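Source file model-v1.cif; content: mmCIF, C-alpha atoms.
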```cif
data_query
#
loop_
_atom_site.label_atom_id
_atom_site.label_comp_id
_atom_site.auth_asym_id
_atom_site.auth_seq_id
_atom_site.Cartn_x
_atom_site.Cartn_y
_atom_site.Cartn_z
CA MET J 259 28.73 14.10 53.70
CA PHE J 260 27.13 13.93 57.14
CA SER J 261 26.12 10.60 58.68
CA PRO J 262 22.59 9.28 57.89
CA LEU J 263 20.90 10.40 61.14
CA ILE J 264 22.29 13.93 60.76
CA GLU J 265 21.14 14.00 57.13
CA ASP J 266 17.67 12.88 58.31
CA LEU J 267 17.60 15.70 60.85
CA ILE J 268 18.66 18.28 58.24
CA ARG J 269 15.93 17.00 55.88
CA ALA J 270 13.30 17.19 58.66
CA LEU J 271 14.32 20.75 59.56
CA ARG J 272 14.01 21.79 55.90
CA CYS J 273 10.25 21.16 56.14
CA LEU J 274 10.00 24.29 58.30
CA PRO J 275 8.89 27.36 56.34
CA GLY J 276 11.76 29.69 55.41
CA VAL J 277 14.46 27.10 56.14
CA GLY J 278 16.76 26.23 53.24
CA PRO J 279 19.63 23.70 53.11
CA LYS J 280 22.23 25.98 54.71
CA SER J 281 19.97 27.09 57.58
CA ALA J 282 18.84 23.52 58.22
CA GLN J 283 22.48 22.40 58.40
CA ARG J 284 23.32 25.24 60.76
CA MET J 285 20.34 24.38 62.98
CA ALA J 286 21.23 20.67 63.09
CA MET J 287 24.87 21.43 63.96
CA TYR J 288 23.80 23.91 66.61
CA LEU J 289 21.38 21.47 68.27
CA LEU J 290 23.81 18.53 68.19
CA GLU J 291 26.98 20.42 69.08
CA LYS J 292 25.91 23.17 71.42
CA ASP J 293 22.44 22.68 72.81
CA ARG J 294 21.03 19.18 73.11
CA ASP J 295 18.73 20.42 75.90
CA ALA J 296 17.09 22.75 73.37
CA ALA J 297 16.60 19.76 71.06
CA ASP J 298 14.93 17.85 73.92
CA SER J 299 12.67 20.82 74.74
CA LEU J 300 11.74 21.12 71.07
CA VAL J 301 10.85 17.41 70.93
CA ARG J 302 8.62 17.72 74.00
CA ALA J 303 6.96 20.95 72.82
CA LEU J 304 6.27 19.47 69.37
CA GLU J 305 4.89 16.22 70.80
CA GLN J 306 2.62 18.01 73.25
CA ALA J 307 1.37 20.52 70.68
CA VAL J 308 0.76 17.95 67.92
CA GLU J 309 -1.04 15.63 70.37
CA LYS J 310 -3.19 18.18 72.19
CA VAL J 311 -3.73 21.28 70.08
CA GLY J 312 -7.02 21.15 68.18
CA ARG J 313 -9.57 23.76 67.19
CA CYS J 314 -11.76 25.92 69.40
CA SER J 315 -15.32 24.61 69.13
CA GLN J 316 -16.63 28.15 68.70
CA CYS J 317 -14.14 30.09 66.58
CA ARG J 318 -11.98 27.26 65.16
CA THR J 319 -8.69 28.90 66.18
CA LEU J 320 -5.88 26.58 67.32
CA THR J 321 -6.06 25.79 71.02
CA GLU J 322 -5.71 22.82 73.35
CA GLN J 323 -8.86 23.88 75.21
CA GLU J 324 -12.42 23.06 74.16
CA VAL J 325 -13.17 26.80 73.93
CA CYS J 326 -10.30 29.27 73.46
CA ALA J 327 -9.44 32.13 75.83
CA LEU J 328 -10.83 34.79 73.47
CA CYS J 329 -14.20 33.06 73.08
CA ASN J 330 -14.32 32.49 76.85
CA ASN J 331 -13.63 36.16 77.59
CA ARG J 332 -16.94 37.70 78.69
CA HIS J 333 -15.56 41.21 78.27
CA ARG J 334 -15.34 40.86 74.47
CA ASP J 335 -18.12 42.54 72.55
CA GLN J 336 -20.69 39.80 71.76
CA LYS J 337 -22.25 41.88 68.98
CA LEU J 338 -19.17 41.92 66.75
CA LEU J 339 -17.70 38.96 64.90
CA CYS J 340 -14.60 39.18 62.71
CA VAL J 341 -13.91 36.49 60.08
CA VAL J 342 -10.22 35.79 59.37
CA GLU J 343 -8.34 33.23 57.30
CA THR J 344 -5.76 32.04 59.86
CA PRO J 345 -5.07 32.05 63.63
CA ALA J 346 -2.02 34.29 62.97
CA ASP J 347 -4.42 36.94 61.59
CA ILE J 348 -6.09 37.07 65.03
CA LEU J 349 -2.70 37.82 66.59
CA ALA J 350 -2.06 40.65 64.12
CA ILE J 351 -5.49 42.21 64.82
CA GLU J 352 -5.10 41.80 68.60
CA GLN J 353 -1.70 43.50 68.44
CA ALA J 354 -3.30 46.45 66.63
CA GLY J 355 -5.49 46.61 69.74
CA ASN J 356 -8.63 48.45 68.61
CA TYR J 357 -10.99 45.53 67.92
CA HIS J 358 -12.79 44.10 70.94
CA GLY J 359 -15.26 41.67 69.44
CA ARG J 360 -14.84 37.98 68.74
CA TYR J 361 -13.42 35.98 65.84
CA PHE J 362 -14.12 33.16 63.45
CA VAL J 363 -11.21 31.37 61.73
CA LEU J 364 -11.78 29.86 58.27
CA HIS J 365 -8.38 28.12 58.07
CA GLY J 366 -8.09 29.08 54.41
CA HIS J 367 -10.28 30.51 51.67
CA LEU J 368 -12.65 29.13 49.04
CA SER J 369 -10.55 27.54 46.33
CA PRO J 370 -12.46 25.07 44.14
CA ILE J 371 -9.29 24.26 42.21
CA ASP J 372 -7.71 22.91 45.42
CA GLY J 373 -10.95 21.22 46.49
CA VAL J 374 -11.58 23.72 49.30
CA GLY J 375 -15.32 24.37 49.61
CA PRO J 376 -17.58 25.91 52.29
CA ALA J 377 -17.52 22.69 54.36
CA ASN J 378 -13.71 22.92 54.77
CA LEU J 379 -13.99 26.48 56.03
CA GLY J 380 -16.55 25.67 58.72
CA ILE J 381 -19.24 27.80 57.07
CA ASP J 382 -21.95 25.59 58.68
CA LEU J 383 -20.58 26.44 62.14
CA LEU J 384 -20.43 30.12 61.15
CA GLU J 385 -24.07 29.98 60.01
CA GLN J 386 -25.07 28.42 63.34
CA ARG J 387 -23.39 31.33 65.11
CA LEU J 388 -25.04 33.88 62.80
CA ALA J 389 -28.40 32.26 63.62
CA SER J 390 -28.01 31.87 67.37
CA GLU J 391 -25.91 34.82 68.59
CA PRO J 392 -26.98 38.45 69.12
CA LEU J 393 -24.68 39.70 66.34
CA GLU J 394 -25.05 43.19 64.96
CA GLU J 395 -22.08 43.31 62.61
CA LEU J 396 -19.94 40.78 60.81
CA ILE J 397 -16.52 42.18 59.86
CA ILE J 398 -14.82 40.28 57.06
CA ALA J 399 -11.02 40.42 57.23
CA THR J 400 -10.04 37.79 54.66
CA ASN J 401 -6.96 38.64 52.59
CA PRO J 402 -7.37 40.97 49.57
CA THR J 403 -6.59 38.20 47.07
CA VAL J 404 -8.94 36.80 44.41
CA GLU J 405 -9.82 33.85 46.65
CA GLY J 406 -10.09 36.01 49.75
CA GLU J 407 -12.50 38.37 47.97
CA ALA J 408 -14.62 35.46 46.68
CA THR J 409 -14.75 34.04 50.20
CA ALA J 410 -15.73 37.45 51.60
CA GLN J 411 -18.53 37.72 49.01
CA PHE J 412 -19.81 34.24 49.84
CA ILE J 413 -19.90 34.88 53.60
CA ALA J 414 -21.39 38.37 53.18
CA GLU J 415 -24.40 36.93 51.30
CA ARG J 416 -25.06 34.42 54.11
CA ALA J 417 -24.95 37.13 56.76
CA ARG J 418 -27.08 39.61 54.79
CA ALA J 419 -29.71 36.89 54.31
CA ARG J 420 -30.05 36.85 58.11
CA GLY J 421 -30.27 40.62 58.35
CA ILE J 422 -26.85 41.09 59.91
CA ALA J 423 -24.81 44.14 58.82
CA VAL J 424 -21.65 43.10 56.97
CA SER J 425 -18.47 45.14 56.59
CA ARG J 426 -15.11 44.56 54.97
CA ILE J 427 -11.88 45.98 56.43
CA ALA J 428 -10.43 48.80 54.33
CA HIS J 429 -7.69 48.12 51.80
CA GLY J 430 -5.45 50.84 50.40
CA VAL J 431 -2.16 52.63 50.98
CA PRO J 432 -0.64 51.53 54.33
CA ILE J 433 -0.24 54.23 56.98
CA GLY J 434 3.31 55.57 56.72
CA GLY J 435 3.64 54.09 53.21
CA GLU J 436 4.97 56.28 50.40
CA LEU J 437 2.92 56.40 47.21
CA GLU J 438 6.10 56.08 45.17
CA TYR J 439 6.66 52.56 46.45
CA ILE J 440 3.08 51.26 46.47
CA ASP J 441 2.15 48.70 43.79
CA GLY J 442 -0.33 49.66 41.08
CA GLY J 443 -3.07 47.25 42.20
CA THR J 444 -3.14 48.71 45.70
CA LEU J 445 -3.08 52.27 44.37
CA ALA J 446 -5.93 51.57 41.91
CA HIS J 447 -7.95 50.09 44.80
CA ALA J 448 -7.15 53.13 46.96
CA PHE J 449 -8.52 55.45 44.23
CA ASN J 450 -11.65 53.37 43.64
CA SER J 451 -12.37 53.18 47.38
CA ARG J 452 -11.66 56.85 48.12
CA THR J 453 -13.84 58.45 50.84
CA ALA J 454 -15.23 61.99 51.11
CA PHE J 455 -12.78 64.36 52.84
CA MET L 116 -2.35 35.49 72.77
CA PHE L 117 -1.91 31.87 71.71
CA SER L 118 -2.78 28.99 74.04
CA PRO L 119 -0.03 27.77 76.44
CA LEU L 120 1.08 24.72 74.40
CA ILE L 121 1.40 26.83 71.25
CA GLU L 122 3.37 29.46 73.18
CA ASP L 123 5.64 26.66 74.46
CA LEU L 124 6.21 25.46 70.91
CA ILE L 125 7.00 28.99 69.68
CA ARG L 126 9.46 29.42 72.57
CA ALA L 127 11.15 26.07 71.79
CA LEU L 128 11.47 26.97 68.09
CA ARG L 129 13.10 30.28 69.01
CA CYS L 130 16.09 28.34 70.38
CA LEU L 131 17.03 27.49 66.78
CA PRO L 132 19.75 29.77 65.40
CA GLY L 133 18.44 32.51 63.13
CA VAL L 134 14.83 32.10 64.29
CA GLY L 135 13.20 35.19 65.80
CA PRO L 136 9.70 35.58 67.27
CA LYS L 137 7.94 36.07 63.91
CA SER L 138 9.62 33.11 62.20
CA ALA L 139 8.99 30.88 65.23
CA GLN L 140 5.31 31.83 65.15
CA ARG L 141 5.12 31.16 61.42
CA MET L 142 6.81 27.77 61.89
CA ALA L 143 4.48 26.76 64.74
CA MET L 144 1.39 27.78 62.75
CA TYR L 145 2.66 25.95 59.68
CA LEU L 146 3.35 22.72 61.58
CA LEU L 147 0.05 22.77 63.48
CA GLU L 148 -2.18 23.96 60.66
CA LYS L 149 -0.72 22.51 57.51
CA ASP L 150 1.76 19.75 58.16
CA ARG L 151 1.49 17.70 61.34
CA ASP L 152 3.29 14.85 59.58
CA ALA L 153 6.33 17.11 59.20
CA ALA L 154 6.13 17.82 62.94
CA ASP L 155 6.08 14.07 63.64
CA SER L 156 9.07 13.50 61.33
CA LEU L 157 10.94 16.31 63.03
CA VAL L 158 10.24 14.80 66.46
CA ARG L 159 11.52 11.39 65.32
CA ALA L 160 14.61 12.83 63.57
CA LEU L 161 15.49 14.95 66.62
CA GLU L 162 15.01 12.07 69.05
CA GLN L 163 17.11 9.69 66.97
CA ALA L 164 19.87 12.22 66.38
CA VAL L 165 20.08 13.41 69.99
CA GLU L 166 20.08 9.82 71.27
CA LYS L 167 22.52 8.28 68.82
CA VAL L 168 24.81 10.91 67.33
CA GLY L 169 28.11 11.13 69.16
CA ARG L 170 31.67 11.81 68.10
CA CYS L 171 33.91 9.79 65.80
CA SER L 172 36.56 8.12 67.94
CA GLN L 173 39.28 9.17 65.49
CA CYS L 174 38.43 12.64 64.21
CA ARG L 175 35.73 13.76 66.69
CA THR L 176 33.27 14.80 63.99
CA LEU L 177 29.57 14.20 64.68
CA THR L 178 28.44 10.71 63.67
CA GLU L 179 26.32 7.85 64.99
CA GLN L 180 29.04 5.37 64.05
CA GLU L 181 32.09 4.52 66.15
CA VAL L 182 34.33 5.70 63.30
CA CYS L 183 32.97 8.11 60.68
CA ALA L 184 32.78 7.45 56.94
CA LEU L 185 35.69 9.78 56.15
CA CYS L 186 38.04 8.14 58.67
CA ASN L 187 36.93 4.72 57.40
CA ASN L 188 37.65 5.64 53.79
CA ARG L 189 40.91 3.90 52.83
CA HIS L 190 41.26 6.01 49.70
CA ARG L 191 41.88 9.17 51.73
CA ASP L 192 45.50 10.24 51.94
CA GLN L 193 46.81 8.93 55.30
CA LYS L 194 49.73 11.36 55.23
CA LEU L 195 47.64 14.52 55.46
CA LEU L 196 45.60 15.66 58.45
CA CYS L 197 43.54 18.86 58.48
CA VAL L 198 42.50 20.44 61.80
CA VAL L 199 39.16 22.31 61.75
CA GLU L 200 36.99 23.94 64.39
CA THR L 201 33.61 22.41 63.53
CA PRO L 202 32.04 19.52 61.58
CA ALA L 203 30.46 22.10 59.22
CA ASP L 204 34.01 23.18 58.23
CA ILE L 205 34.63 19.64 56.95
CA LEU L 206 31.58 19.97 54.73
CA ALA L 207 32.82 23.28 53.30
CA ILE L 208 36.27 21.83 52.56
CA GLU L 209 34.80 18.66 51.03
CA GLN L 210 32.57 20.76 48.79
CA ALA L 211 35.65 22.65 47.56
CA GLY L 212 36.84 19.17 46.53
CA ASN L 213 40.63 19.47 46.32
CA TYR L 214 41.66 18.10 49.71
CA HIS L 215 41.87 14.33 49.99
CA GLY L 216 43.42 13.77 53.39
CA ARG L 217 41.71 13.24 56.73
CA TYR L 218 40.38 15.59 59.40
CA PHE L 219 40.45 16.36 63.08
CA VAL L 220 37.61 18.39 64.64
CA LEU L 221 38.37 20.55 67.69
CA HIS L 222 34.71 21.51 68.38
CA GLY L 223 35.78 25.07 69.20
CA HIS L 224 38.98 26.99 69.84
CA LEU L 225 41.16 27.76 72.85
CA SER L 226 39.38 30.37 74.93
CA PRO L 227 40.58 30.59 78.54
CA ILE L 228 37.96 33.24 79.31
CA ASP L 229 35.21 30.70 78.52
CA GLY L 230 37.07 27.89 80.28
CA VAL L 231 37.94 26.13 77.02
CA GLY L 232 41.41 24.56 77.30
CA PRO L 233 43.33 21.90 75.34
CA ALA L 234 41.43 19.07 77.07
CA ASN L 235 38.09 20.35 75.71
CA LEU L 236 39.47 20.39 72.18
CA GLY L 237 40.72 16.80 72.25
CA ILE L 238 44.36 17.81 71.95
CA ASP L 239 45.40 14.61 73.76
CA LEU L 240 43.67 12.53 71.05
CA LEU L 241 45.31 14.69 68.37
CA GLU L 242 48.73 14.12 69.98
CA GLN L 243 48.11 10.36 70.00
CA ARG L 244 47.39 10.54 66.28
CA LEU L 245 50.47 12.70 65.63
CA ALA L 246 52.54 10.09 67.48
CA SER L 247 51.07 6.92 65.94
CA GLU L 248 50.13 7.78 62.35
CA PRO L 249 52.42 8.14 59.32
CA LEU L 250 51.65 11.85 58.97
CA GLU L 251 53.76 14.06 56.74
CA GLU L 252 51.80 17.29 56.98
CA LEU L 253 49.35 18.84 59.40
CA ILE L 254 47.18 21.51 57.77
CA ILE L 255 45.63 23.93 60.25
CA ALA L 256 42.32 25.38 59.06
CA THR L 257 41.03 27.05 62.23
CA ASN L 258 39.22 30.35 61.68
CA PRO L 259 41.31 33.53 61.23
CA THR L 260 40.11 35.01 64.55
CA VAL L 261 42.27 35.83 67.58
CA GLU L 262 41.24 32.57 69.26
CA GLY L 263 41.59 30.57 66.03
CA GLU L 264 45.13 31.90 65.51
CA ALA L 265 46.12 31.13 69.12
CA THR L 266 44.74 27.61 68.72
CA ALA L 267 46.65 27.20 65.44
CA GLN L 268 49.86 28.33 67.15
CA PHE L 269 49.34 25.93 70.04
CA ILE L 270 48.74 22.93 67.75
CA ALA L 271 51.58 23.87 65.39
CA GLU L 272 54.07 23.75 68.28
CA ARG L 273 52.93 20.25 69.25
CA ALA L 274 53.27 18.96 65.69
CA ARG L 275 56.65 20.61 65.09
CA ALA L 276 57.97 19.01 68.29
CA ARG L 277 57.27 15.65 66.63
CA GLY L 278 58.97 16.63 63.37
CA ILE L 279 55.72 16.89 61.37
CA ALA L 280 55.48 19.68 58.79
CA VAL L 281 52.77 22.17 59.69
CA SER L 282 50.93 24.50 57.32
CA ARG L 283 48.16 27.04 57.68
CA ILE L 284 45.56 27.60 54.95
CA ALA L 285 46.00 30.95 53.17
CA HIS L 286 43.96 33.96 54.21
CA GLY L 287 43.48 36.98 51.98
CA VAL L 288 41.20 38.46 49.34
CA PRO L 289 38.55 35.85 48.31
CA ILE L 290 38.66 34.70 44.67
CA GLY L 291 36.16 36.83 42.74
CA GLY L 292 36.18 39.44 45.51
CA GLU L 293 36.64 43.09 44.65
CA LEU L 294 39.30 45.02 46.59
CA GLU L 295 36.92 47.94 46.96
CA TYR L 296 34.62 45.87 49.18
CA ILE L 297 37.19 43.95 51.23
CA ASP L 298 37.65 44.97 54.89
CA GLY L 299 40.90 46.57 56.01
CA GLY L 300 42.02 43.68 58.22
CA THR L 301 41.79 41.18 55.36
CA LEU L 302 43.54 43.54 52.99
CA ALA L 303 46.37 44.22 55.47
CA HIS L 304 46.80 40.46 55.89
CA ALA L 305 46.78 39.99 52.10
CA PHE L 306 49.63 42.53 51.77
CA ASN L 307 51.68 41.05 54.61
CA SER L 308 51.27 37.52 53.21
CA ARG L 309 51.98 38.43 49.58
CA THR L 310 53.82 35.81 47.53
CA ALA L 311 56.43 36.22 44.78
CA PHE L 312 54.82 36.57 41.35
#
```
Is it possible to express this structure as C-alpha cells?
Amino acid sequence: MFSPLIEDLIRALRCLPGVGPKSAQRMAMYLLEKDRDAADSLVRALEQAVEKVGRCSQCRTLTEQEVCALCNNRHRDQKLLCVVETPADILAIEQAGNYHGRYFVLHGHLSPIDGVGPANLGIDLLEQRLASEPLEELIIATNPTVEGEATAQFIAERARARGIAVSRIAHGVPIGGELEYIDGGTLAHAFNSRTAF
Amino acid sequence: MFSPLIEDLIRALRCLPGVGPKSAQRMAMYLLEKDRDAADSLVRALEQAVEKVGRCSQCRTLTEQEVCALCNNRHRDQKLLCVVETPADILAIEQAGNYHGRYFVLHGHLSPIDGVGPANLGIDLLEQRLASEPLEELIIATNPTVEGEATAQFIAERARARGIAVSRIAHGVPIGGELEYIDGGTLAHAFNSRTAF
C-alpha cells in the first residue's frame, strides 16, 4: 500500500524488539511526516554507535572506550567482582545502588545447543582476572534459568579452584510481591532456600 | 551509566512514538549486542526514505514517486475523491476494501492556534482538482474531533460552491461494539444521526 521506500523503512523498524507492524508503521509515518530531524539524529546516532561501540577490554561491557568508566573508577571495590549476563544487568544493579565492586559481562550464558561455549562468554579473560587481581569474592548474578544456573556452576568451580569465595545472588519472592501471585517455581525455590529467622 | 555514544543512541530512539526510556534502552542493547546488521539496514532505510520520500503531486500522500501508485491507477473511480488527514488513514480505508475512488491527504487539520491554515493543508491544490476533474462526490473522512469537523465544514463549503456533492463518513457505534462500553459522546452522536429503519 505504501511506496517501496516507506515499506523498506517499516520493515527495518520491525527489527527493533517489541515493534510490530502497526507500531513500525506509526513510527515511519511519524518520522517522515512530523520529524525528519529526529530521523537524521537517529541515523547519526546509529552510525556512530555501530562504528565505535565495542567491548571494554576488562569487563566486556559495551563501550566506545578501551576501558569503561566503571572499570576505570578507582573508588570501586577492587575485591568484589560481579558476573552478569548482559550490560543491561549492570544498569539494573547500579540503579539498586548497594553494590560497589566491579563487573564482568558474559554476553549470554552457556548453551551448547546454540553453540555457545566458554570461549564465547570470555571465560579465559575472566580466569585471567581471577588469577591476577586481589579478588576476595566473586558474586554470580546470572539469570535463574537452567542455562544461567549451569553457567553459574561452571564459573563457581573455576573461582573455587583459585581459592576465591563465590556467592550467588538470592532468588525468591520479590520484595513487595504477594505470595498469591508468585509462580510455583519461585515459591518452591523460596522454601528450599529459606534462612534462619 | 552507559557510555556517551550509547546514551546518544538511547536518546535518539526515544524520539520514536511509543518508545519510553526502558524500551529505548532495550532497543539500543539489542541492536548493539545482537543485531548490528539490523542497525545498518535501519540506517540505510532511514537515509533513503528521508532523502527521497516526498509528497504525491496529486494527492499529497507520502511517496518517492512524482505521482503515487493510487493516483496512477486507472482502475480507480475518477468520480470519487476522499479527503483524509494522514497517509495512514488511506491504509486503513484501503484495508476495509470497499472504497475504490481516489484520495486527497491534508497532512493535518485546520488549527489556527497552531498556525495551521488552509495553505498548510493544500486546499489550493484540492480546489484545482475540484475545478478540473470530473468529480461527482467528495467524501470527507477527517477525524471526528473539533478540528476535524471544522476542517470538514470548510472543505464542504468549497466543494458545494462548485456544485459537487459532498458527504461525510458515518460516525456512531462501531460494528461489534457493545453499547455498555461506548463513550457518551459517541452514543449521543449515534442517537442524533439515527437513520430510518
Can you list what the PyMOL selection byres ((chain L and resi 142) around 12) grabs from this structure, as JSON, numbers by chain?
{"J": [271, 272, 273, 274, 275, 276, 277, 304, 346], "L": [121, 122, 124, 125, 126, 127, 128, 129, 131, 134, 135, 136, 137, 138, 139, 140, 141, 143, 144, 145, 146, 147, 148, 149, 150, 151, 153, 154]}
Which polymer residues have any atom within 12 Å of an atom of Leu379 of chain J, counting only C-alpha atoms, with same-chain residues fewer than 3 positions away left out, as an mmCIF file with C-alpha atoms, in the coordinates of the input?
```
data_model
loop_
_atom_site.group_PDB
_atom_site.id
_atom_site.type_symbol
_atom_site.label_atom_id
_atom_site.label_comp_id
_atom_site.auth_asym_id
_atom_site.auth_seq_id
_atom_site.Cartn_x
_atom_site.Cartn_y
_atom_site.Cartn_z
ATOM 1 C CA CYS J 317 -14.140 30.090 66.580
ATOM 2 C CA ARG J 318 -11.980 27.260 65.160
ATOM 3 C CA THR J 319 -8.690 28.900 66.180
ATOM 4 C CA VAL J 341 -13.910 36.490 60.080
ATOM 5 C CA VAL J 342 -10.220 35.790 59.370
ATOM 6 C CA GLU J 343 -8.340 33.230 57.300
ATOM 7 C CA THR J 344 -5.760 32.040 59.860
ATOM 8 C CA PHE J 362 -14.120 33.160 63.450
ATOM 9 C CA VAL J 363 -11.210 31.370 61.730
ATOM 10 C CA LEU J 364 -11.780 29.860 58.270
ATOM 11 C CA HIS J 365 -8.380 28.120 58.070
ATOM 12 C CA GLY J 366 -8.090 29.080 54.410
ATOM 13 C CA HIS J 367 -10.280 30.510 51.670
ATOM 14 C CA LEU J 368 -12.650 29.130 49.040
ATOM 15 C CA SER J 369 -10.550 27.540 46.330
ATOM 16 C CA GLY J 373 -10.950 21.220 46.490
ATOM 17 C CA VAL J 374 -11.580 23.720 49.300
ATOM 18 C CA GLY J 375 -15.320 24.370 49.610
ATOM 19 C CA PRO J 376 -17.580 25.910 52.290
ATOM 20 C CA ASP J 382 -21.950 25.590 58.680
ATOM 21 C CA LEU J 383 -20.580 26.440 62.140
ATOM 22 C CA LEU J 384 -20.430 30.120 61.150
ATOM 23 C CA GLU J 385 -24.070 29.980 60.010
ATOM 24 C CA THR J 409 -14.750 34.040 50.200
ATOM 25 C CA ALA J 410 -15.730 37.450 51.600
ATOM 26 C CA PHE J 412 -19.810 34.240 49.840
ATOM 27 C CA ILE J 413 -19.900 34.880 53.600
#
```
For Val281 of chain L, please output as a ChimeraX atom specification all residues within 8 Å (counting only C-alpha atoms; exclusion window: fewer than 5 positions along the same chain).
/L:252-255,271,274-275
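Taking atom CA of Glu181 of chain L as the reference point, atom CA of Ala164 of chain L is found at 14.4 Å.
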Write out as a ChimeraX atom specification which residues come within 6 Å of Lys337 of chain J when counting all atoms listed in the file, dropping same-chain ones fewer than 4 positions away.
/J:392-394
Mind dumping the selected residues with C-alpha atoms as a PDB file, in the coordinates of the input?
```
ATOM      1  CA  PRO J 392     -26.980  38.450  69.120  1.00  0.00           C
ATOM      2  CA  LEU J 393     -24.680  39.700  66.340  1.00  0.00           C
ATOM      3  CA  GLU J 394     -25.050  43.190  64.960  1.00  0.00           C
TER       4      GLU J 394
END
```
